[in-house]
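Colleague: Sending over data_24.cif (mmCIF, C-alpha atoms).
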data_protein
loop_
_atom_site.label_atom_id
_atom_site.label_comp_id
_atom_site.auth_asym_id
_atom_site.auth_seq_id
_atom_site.Cartn_x
_atom_site.Cartn_y
_atom_site.Cartn_z
CA MET A 832 5.13 112.60 144.66
CA SER A 833 2.10 114.13 146.31
CA VAL A 834 2.37 117.30 148.33
CA SER A 835 0.89 115.62 151.38
CA ILE A 836 3.57 112.92 151.50
CA ARG A 837 6.27 115.59 151.08
CA ILE A 838 4.82 117.57 153.95
CA ALA A 839 4.63 114.43 156.07
CA ILE A 840 8.30 113.62 155.40
CA VAL A 841 9.38 117.20 156.18
CA PHE A 842 7.39 117.14 159.38
CA ALA A 843 8.82 113.77 160.48
CA CYS A 844 12.36 114.91 159.67
CA LEU A 845 11.99 118.12 161.66
CA LEU A 846 10.68 116.18 164.65
CA LEU A 847 13.57 113.73 164.44
CA ALA A 848 16.10 116.52 164.05
CA LEU A 849 14.72 118.37 167.06
CA TYR A 850 14.76 115.21 169.13
CA VAL A 851 18.36 114.37 168.15
CA ILE A 852 19.52 117.90 168.95
CA ARG A 853 17.71 117.79 172.27
CA LEU A 854 19.42 114.46 173.13
CA VAL A 855 22.78 116.04 172.35
CA SER A 856 22.08 119.18 174.36
CA THR A 857 21.03 117.15 177.40
CA ASP A 858 24.17 114.94 177.15
CA LYS A 859 22.20 111.79 176.39
CA LEU A 860 23.73 111.47 172.95
CA GLN A 861 27.30 112.33 172.02
CA LEU A 862 27.68 114.73 169.13
CA ARG A 863 29.80 112.26 167.17
CA TYR A 864 26.97 109.71 167.15
CA SER A 865 24.37 112.33 166.20
CA LEU A 866 26.07 113.29 162.94
CA LEU A 867 24.89 110.30 160.90
CA TRP A 868 21.33 110.82 162.16
CA LEU A 869 21.44 114.50 161.20
CA ALA A 870 22.86 113.59 157.79
CA LEU A 871 19.91 111.24 157.33
CA VAL A 872 17.49 114.04 158.25
CA VAL A 873 19.14 116.55 155.93
CA THR A 874 19.11 114.11 153.01
CA LEU A 875 15.45 113.28 153.45
CA LEU A 876 14.57 116.94 153.88
CA LEU A 877 16.37 117.90 150.67
CA CYS A 878 14.70 115.02 148.83
CA SER A 879 11.21 116.11 149.83
CA ILE A 880 11.72 119.88 149.48
CA PHE A 881 13.49 119.69 146.10
CA PRO A 882 11.96 116.61 144.49
CA VAL A 883 12.88 117.26 140.85
CA PRO A 884 16.31 115.51 140.93
CA ILE A 885 14.61 112.68 142.80
CA TYR A 886 12.05 112.24 140.01
CA PHE A 887 14.89 111.96 137.56
CA LEU A 888 16.92 109.54 139.69
CA SER A 889 14.01 107.32 140.64
CA SER A 890 12.85 106.90 137.06
CA PHE A 891 16.47 106.24 136.06
CA PHE A 892 16.74 103.42 138.63
CA GLY A 893 13.25 102.18 137.80
CA PHE A 894 11.39 102.98 141.03
CA VAL A 895 7.63 102.99 140.59
CA THR A 896 7.20 106.07 142.75
CA SER A 897 9.76 108.59 143.92
CA ALA A 898 8.53 108.12 147.49
CA ASN A 899 9.99 104.61 147.29
CA PHE A 900 13.29 106.09 146.27
CA ILE A 901 13.29 108.29 149.35
CA PHE A 902 12.50 105.34 151.61
CA VAL A 903 15.34 103.32 150.10
CA ALA A 904 17.70 106.27 150.60
CA GLY A 905 16.61 106.50 154.21
CA PHE A 906 17.01 102.75 154.64
CA ILE A 907 20.57 102.87 153.35
CA PHE A 908 21.34 105.54 155.92
CA VAL A 909 19.85 103.42 158.67
CA ILE A 910 22.03 100.48 157.61
CA LEU A 911 25.10 102.73 157.75
CA ILE A 912 24.09 103.91 161.20
CA LEU A 913 23.65 100.32 162.40
CA LEU A 914 27.02 99.32 161.02
CA SER A 915 28.69 102.26 162.71
CA LEU A 916 27.04 101.20 165.97
CA SER A 917 28.42 97.67 165.56
CA VAL A 918 31.87 99.17 165.08
CA THR A 919 31.39 101.25 168.21
CA VAL A 920 30.22 98.25 170.23
CA SER A 921 33.23 96.22 169.07
CA ARG A 922 35.61 99.00 169.98
CA GLN A 923 34.07 99.27 173.42
CA ALA A 924 34.15 95.49 173.92
CA LEU A 925 37.89 95.55 173.16
CA ALA A 926 38.39 98.44 175.57
CA ILE A 927 36.41 96.68 178.31
CA LYS A 928 38.42 93.50 177.80
CA ASN A 929 41.72 95.38 178.11
CA LEU A 930 40.48 97.26 181.18
CA THR A 931 39.26 94.05 182.82
CA GLN A 932 42.64 92.41 182.29
CA LYS A 933 44.43 95.49 183.55
CA ILE A 934 42.30 95.65 186.70
CA ALA A 935 42.95 91.97 187.41
CA LEU A 936 46.72 92.40 186.93
CA LEU A 937 46.83 95.55 189.08
CA GLU A 938 44.82 93.89 191.82
CA LYS A 939 47.13 90.90 191.66
CA ASN A 940 50.21 93.10 191.96
CA SER A 941 48.86 95.11 194.84
CA SER A 942 47.69 92.05 196.80
CA SER A 943 50.95 90.12 196.43
CA SER A 944 53.28 92.97 197.36
CA MET G 870 69.09 80.54 179.73
CA ASN G 871 68.77 77.61 177.36
CA ASN G 872 69.22 75.17 180.18
CA SER G 873 66.39 76.34 182.38
CA PRO G 874 63.86 78.66 180.80
CA SER G 875 61.30 80.12 183.19
CA VAL G 876 57.95 78.51 182.54
CA LEU G 877 54.49 79.67 183.53
CA VAL G 878 51.54 77.30 183.24
CA ILE G 879 48.36 79.27 182.52
CA ILE G 880 45.16 77.59 183.68
CA PRO G 881 42.04 79.42 182.47
CA ALA G 882 39.06 78.44 184.61
CA TYR G 883 35.41 79.30 184.19
CA ASN G 884 33.11 77.50 186.64
CA GLU G 885 35.59 74.68 187.20
CA GLU G 886 35.01 74.13 190.91
CA ALA G 887 34.94 70.37 190.37
CA ASN G 888 38.32 70.16 188.61
CA ILE G 889 40.44 73.17 189.38
CA LEU G 890 42.15 71.95 192.53
CA HIS G 891 43.06 68.60 191.01
CA THR G 892 44.32 70.26 187.82
CA VAL G 893 46.52 72.70 189.73
CA GLN G 894 47.88 70.01 192.04
CA SER G 895 48.87 67.82 189.11
CA VAL G 896 50.69 70.80 187.54
CA MET G 897 52.40 71.63 190.85
CA GLN G 898 53.72 68.06 191.07
CA PHE G 899 56.04 68.90 188.23
CA GLY G 900 57.29 72.04 189.92
CA TYR G 901 56.13 74.57 187.33
CA ASP G 902 55.03 78.09 188.20
CA TYR G 903 51.34 78.36 187.42
CA LEU G 904 48.60 80.94 187.26
CA VAL G 905 44.90 80.19 187.50
CA VAL G 906 42.90 82.78 185.55
CA ASN G 907 39.46 82.86 187.11
CA ASP G 908 37.26 84.11 184.28
CA GLY G 909 34.47 85.63 186.35
CA SER G 910 33.23 82.24 187.55
CA THR G 911 29.83 82.21 189.23
CA ASP G 912 30.54 79.03 191.20
CA LYS G 913 33.09 78.42 193.96
CA THR G 914 36.17 78.37 191.70
CA LEU G 915 37.63 81.55 193.21
CA GLN G 916 36.80 80.48 196.75
CA ILE G 917 38.54 77.13 196.24
CA CYS G 918 41.61 78.90 194.83
CA GLU G 919 41.82 81.30 197.74
CA GLU G 920 41.22 78.68 200.42
CA ASN G 921 44.05 76.60 199.00
CA HIS G 922 46.31 79.64 198.50
CA LEU G 923 46.61 79.04 194.77
CA ASN G 924 48.16 81.69 192.56
CA VAL G 925 45.05 83.14 190.98
CA LEU G 926 44.36 86.09 188.70
CA ASP G 927 40.75 87.10 189.22
CA LEU G 928 39.05 88.75 186.24
CA PRO G 929 36.25 90.95 187.58
CA GLN G 930 34.14 90.19 184.48
CA ASN G 931 33.70 87.09 182.39
CA LEU G 932 35.72 87.63 179.21
CA GLY G 933 35.46 84.22 177.58
CA ILE G 934 38.35 81.83 177.02
CA GLY G 935 40.21 84.20 174.67
CA GLY G 936 40.24 87.11 177.10
CA ALA G 937 41.22 84.82 179.98
CA VAL G 938 44.14 83.24 178.12
CA GLN G 939 45.29 86.65 176.92
CA ALA G 940 45.26 87.88 180.53
CA GLY G 941 47.56 84.93 181.32
CA HIS G 942 49.89 85.94 178.47
CA LYS G 943 49.96 89.50 179.82
CA TYR G 944 50.89 88.17 183.26
CA ALA G 945 53.65 86.05 181.71
CA ARG G 946 54.96 89.07 179.84
CA GLN G 947 54.84 91.26 182.94
CA PHE G 948 56.93 88.79 184.93
CA GLY G 949 59.29 88.03 182.07
CA TYR G 950 58.62 84.33 181.62
CA ASP G 951 60.44 82.71 178.71
CA ILE G 952 57.64 80.25 177.97
CA ASP G 953 54.01 79.97 178.91
CA VAL G 954 51.93 76.83 178.61
CA GLN G 955 48.14 76.84 178.49
CA VAL G 956 46.54 73.94 180.33
CA ASP G 957 42.74 73.93 180.48
CA GLY G 958 41.17 73.91 183.93
CA ASP G 959 38.88 70.96 183.21
CA GLY G 960 41.53 68.27 183.63
CA GLN G 961 41.69 67.14 179.98
CA HIS G 962 45.34 68.00 179.61
CA ASP G 963 47.92 65.75 181.21
CA PRO G 964 50.77 67.80 182.76
CA ASN G 965 53.11 64.90 181.95
CA TYR G 966 53.32 66.32 178.44
CA ILE G 967 54.23 69.89 179.43
CA GLY G 968 57.89 68.89 179.30
CA ALA G 969 57.53 67.70 175.70
CA LEU G 970 55.91 71.01 174.69
CA ILE G 971 58.70 72.99 176.34
CA GLU G 972 61.41 70.88 174.68
CA LYS G 973 59.89 71.55 171.29
CA ILE G 974 59.84 75.30 172.02
CA GLN G 975 63.51 75.13 172.99
CA SER G 976 64.32 73.44 169.71
CA GLY G 977 63.08 76.51 167.86
CA SER G 978 59.30 76.60 167.56
CA ASP G 979 57.42 79.75 168.54
CA ILE G 980 54.20 77.91 169.37
CA VAL G 981 53.78 74.21 170.10
CA VAL G 982 50.34 72.59 170.10
CA GLY G 983 49.67 69.34 171.93
CA SER G 984 47.90 67.17 169.36
CA ARG G 985 45.72 64.11 169.93
CA PHE G 986 45.98 63.09 166.31
CA LEU G 987 49.62 63.57 165.29
CA ILE G 988 50.39 59.98 166.15
CA PRO G 989 47.44 57.61 166.68
CA THR G 990 47.04 57.17 170.42
CA THR G 991 44.69 55.35 172.69
CA GLY G 992 43.60 58.40 174.68
CA PHE G 993 40.49 60.52 174.38
CA GLN G 994 39.89 61.26 170.70
CA SER G 995 36.71 63.32 170.99
CA SER G 996 33.38 62.33 169.46
CA PHE G 997 32.89 61.42 165.81
CA LEU G 998 31.16 64.70 164.94
CA ARG G 999 33.85 66.72 166.64
CA ARG G 1000 36.56 64.88 164.78
CA ILE G 1001 34.81 65.86 161.54
CA GLY G 1002 34.93 69.48 162.70
CA ILE G 1003 38.58 69.19 163.67
CA THR G 1004 39.44 67.64 160.30
CA TRP G 1005 37.60 70.47 158.58
CA PHE G 1006 39.59 73.14 160.43
CA SER G 1007 42.79 71.23 159.81
CA ASN G 1008 42.08 71.24 156.07
CA VAL G 1009 41.08 74.91 156.03
CA ILE G 1010 44.32 75.81 157.82
CA ARG G 1011 46.31 73.72 155.37
CA LEU G 1012 44.55 75.53 152.52
CA VAL G 1013 45.26 79.05 153.77
CA SER G 1014 48.68 78.60 155.36
CA ARG G 1015 50.04 75.39 153.81
CA ARG G 1016 50.83 73.94 157.20
CA ARG G 1017 49.68 70.66 158.62
CA ILE G 1018 48.10 71.21 162.02
CA THR G 1019 46.36 68.00 163.03
CA ASP G 1020 44.62 69.27 166.19
CA PRO G 1021 43.82 72.97 165.72
CA THR G 1022 41.16 73.05 168.44
CA SER G 1023 43.55 71.82 171.12
CA GLY G 1024 43.91 74.31 173.96
CA PHE G 1025 47.04 72.53 175.22
CA ARG G 1026 49.84 74.69 173.87
CA ALA G 1027 53.09 76.42 174.65
CA CYS G 1028 54.30 79.86 173.53
CA ASN G 1029 57.76 81.42 173.54
CA LYS G 1030 58.40 85.10 174.25
CA LYS G 1031 57.76 86.11 170.67
CA ALA G 1032 54.36 84.41 170.63
CA ILE G 1033 53.51 85.77 174.08
CA GLU G 1034 54.21 89.28 172.85
CA LEU G 1035 52.12 88.72 169.73
CA PHE G 1036 49.15 87.35 171.70
CA CYS G 1037 49.38 90.14 174.31
CA ASN G 1038 48.76 92.64 171.55
CA LYS G 1039 46.04 90.70 169.77
CA TYR G 1040 44.19 87.51 170.60
CA PRO G 1041 40.81 86.33 169.31
CA SER G 1042 38.11 86.55 171.96
CA ASP G 1043 35.86 83.52 171.59
CA TYR G 1044 36.77 80.11 170.17
CA PRO G 1045 40.36 81.34 169.78
CA GLU G 1046 42.26 78.07 169.27
CA PRO G 1047 42.26 77.54 165.47
CA ASP G 1048 42.12 81.27 164.76
CA SER G 1049 45.18 82.06 166.89
CA ILE G 1050 47.26 79.42 165.09
CA VAL G 1051 46.44 80.92 161.70
CA TYR G 1052 47.07 84.42 162.99
CA ALA G 1053 50.49 83.40 164.34
CA LEU G 1054 51.39 81.65 161.06
CA ALA G 1055 50.31 84.71 159.06
CA GLN G 1056 52.56 86.86 161.24
CA GLY G 1057 55.52 84.63 160.41
CA LEU G 1058 55.72 82.57 163.58
CA ASP G 1059 56.58 78.89 163.52
CA VAL G 1060 53.80 76.63 164.81
CA THR G 1061 54.47 72.94 165.37
CA GLU G 1062 52.81 70.05 167.17
CA VAL G 1063 53.79 67.31 169.56
CA SER G 1064 51.74 64.21 170.22
CA VAL G 1065 49.82 64.09 173.49
CA VAL G 1066 47.21 61.85 175.05
CA MET G 1067 44.19 63.63 176.44
CA LYS G 1068 41.69 62.54 179.04
CA GLU G 1069 37.98 62.94 178.85
CA ARG G 1070 36.90 66.03 180.77
CA GLN G 1071 36.61 65.26 184.47
CA GLY G 1072 33.54 67.43 185.08
CA GLY G 1073 31.71 70.47 183.79
CA THR G 1074 30.45 70.71 180.24
CA SER G 1075 32.06 71.76 176.99
CA SER G 1076 31.31 75.25 175.79
CA ILE G 1077 30.42 73.87 172.38
CA SER G 1078 27.44 71.60 171.87
CA GLY G 1079 24.19 71.25 169.93
CA PHE G 1080 23.02 74.07 167.74
CA SER G 1081 25.88 76.38 168.76
CA SER G 1082 28.28 73.97 167.05
CA VAL G 1083 26.98 75.11 163.66
CA TYR G 1084 27.53 78.69 164.71
CA TYR G 1085 30.97 77.69 165.96
CA MET G 1086 31.96 76.06 162.66
CA ILE G 1087 30.86 79.05 160.56
CA LYS G 1088 32.38 81.63 162.86
CA VAL G 1089 35.75 79.94 163.23
CA THR G 1090 36.01 79.19 159.51
CA LEU G 1091 35.36 82.85 158.74
CA ALA G 1092 37.85 83.90 161.42
CA ILE G 1093 40.53 81.64 159.91
CA PHE G 1094 40.13 83.17 156.47
CA ILE G 1095 40.19 86.72 157.81
CA SER G 1096 43.25 86.07 159.98
CA ALA G 1097 45.07 84.36 157.14
CA TYR G 1098 44.67 87.22 154.71
CA SER G 1099 45.06 90.21 157.01
CA LYS G 1100 48.34 91.67 158.07
#
Once more with this new file: its structure as structure tokens, please.
Modeller:
Amino acid sequence: MSVSIRIAIVFACLLLALYVIRLVSTDKLQLRYSLLWLALVVTLLLCSIFPVPIYFLSSFFGFVTSANFIFVAGFIFVILILLSLSVTVSRQALAIKNLTQKIALLEKNSSSS
Amino acid sequence: MNNSPSVLVIIPAYNEEANILHTVQSVMQFGYDYLVVNDGSTDKTLQICEENHLNVLDLPQNLGIGGAVQAGHKYARQFGYDIDVQVDGDGQHDPNYIGALIEKIQSGSDIVVGSRFLIPTTGFQSSFLRRIGITWFSNVIRLVSRRRITDPTSGFRACNKKAIELFCNKYPSDYPEPDSIVYALAQGLDVTEVSVVMKERQGGTSSISGFSSVYYMIKVTLAIFISAYSK
């Protein structure tokens, strides 16, 4: 893996990490939802700063270049993040449904009494 | 209590301005308590209900049929009804048969479904393609729960207190009819059918048509399997 691509990955990761932390500090992103993003950043950073284990792993799995291995690792993280978002959306949909029903029932009770 | 159980007829209505008044009046003829659940309609459904002083529960957001019916179950639980009966707001379900559903509940069933196909009848039998879908669901349900339910998509059904409690805690949100039967069976409830004759819808359009029917088939089939094998 060339030095330039490693530097590019480190640079991109640092930017992403700074942006995520900034979103958290300005209350635009809850800490709990930032953790998977930060884990993604840390993993990619480690991969590009200490590439030797990656060389070993990527040749073991048959990747042509170790950069591909890093992209796949990042992609897996993104899939996990998306899945966790779907879980969050579902949980919120359930909560909204229950709240909607509760509001309707409360309104009904207060209007009929 | 066995002589005269308290019965609530739940009428979910989403944009049913053309049918709702007629549906409610035909239920009132039989003297049942009823509740219209207005599922965030964008037409005059709510206005018609209020002008005619109907008993209406107004959901501030559209929740879909599952959320609307569940709201009705919650209302039934809150006011301690022994039985609730779901009658769709589009006029397909003939209130004449409510008595038969209730009788079957009183003879021990937890949930009773009004079926168009239990005994061959002359009434509305749905289109050919839909009957294929219904037969498919019927066979899938038989496969996973070894019960013969001839009309799993029928929304004409009665629940006793046990079923009301179950559905208050968990009810599928969209396309809930076949899924809820399998869920109830998996939780050990007794689901039976009585024969009913249905009318063609009086107005409005079905929520399921065209391309979305493929989506519907896949989604409900998956939901049935998940409900059958989850505790």
Colleague: Give me the residues near segment 859-868 of chain A as a list of chain:residue names, where near means some atom within 9 Å (using all atoms listed in the file) and where sequence neighbours in that chain fewer than 2 positions away do not count.
Modeller: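 Neighbouring residues, sequence-local ones excluded: A:Leu847, A:Ala848, A:Val851, A:Ile852, A:Arg853, A:Leu854, A:Val855, A:Ser856, A:Thr857, A:Ala870, A:Leu871, A:Val872, A:Val873, A:Phe908, A:Val909, A:Leu911, A:Ile912, A:Ser915, A:Leu916.
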Colleague: Might you spell out which residues the PyMOL selection byres ((chain A) within 9 of (chain G)) would select in the displayed file, as a PDB file with C-alpha atoms, keeping the file's coordinate frame?
Modeller:
ATOM      1  CA  LYS A 928      38.420  93.500 177.800  1.00  0.00           C
ATOM      2  CA  ASN A 929      41.720  95.380 178.110  1.00  0.00           C
ATOM      3  CA  THR A 931      39.260  94.050 182.820  1.00  0.00           C
ATOM      4  CA  GLN A 932      42.640  92.410 182.290  1.00  0.00           C
ATOM      5  CA  LYS A 933      44.430  95.490 183.550  1.00  0.00           C
ATOM      6  CA  ILE A 934      42.300  95.650 186.700  1.00  0.00           C
ATOM      7  CA  ALA A 935      42.950  91.970 187.410  1.00  0.00           C
ATOM      8  CA  LEU A 936      46.720  92.400 186.930  1.00  0.00           C
ATOM      9  CA  GLU A 938      44.820  93.890 191.820  1.00  0.00           C
ATOM     10  CA  LYS A 939      47.130  90.900 191.660  1.00  0.00           C
TER      11      LYS A 939
END
Colleague: To one decimal place in Å, what is the distance between atom CA of Ala945 of chain G and atom CA of Val981 of chain G?
Modeller: 16.6 Å
Colleague: Interatomic distance between atom CA of Thr1090 of chain G and atom CA of Ile988 of chain G?
Modeller: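 Between these atoms lies a distance of 24.9 Å.
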Colleague: Tell me which residues the PyMOL selection byres ((chain G and resi 1067) around 9) grabs here, as a VMD selection string.
Modeller: chain G and resid 960 to 963 984 to 985 992 to 994 1065 to 1066 1068 to 1070
Colleague: Could you give me the axis-aligned bounding box of segment 925-932 of chain A, with 6 Å of padding per side, as centre plus edge lengths in Å to one decimal, as JSON?
Modeller:
{"center_x": 39.5, "center_y": 95.4, "center_z": 178.0, "size_x": 18.2, "size_y": 18.0, "size_z": 21.7}
Colleague: Starting from the displayed file, determine the output of the PyMOL selection byres ((chain G and resi 1032) around 12) and express the residue list as a PyMOL selection string.
Modeller: chain G and resi 939+942-943+945-946+950-954+974+978-981+1026-1031+1033-1040+1049-1050+1052-1054+1056-1060
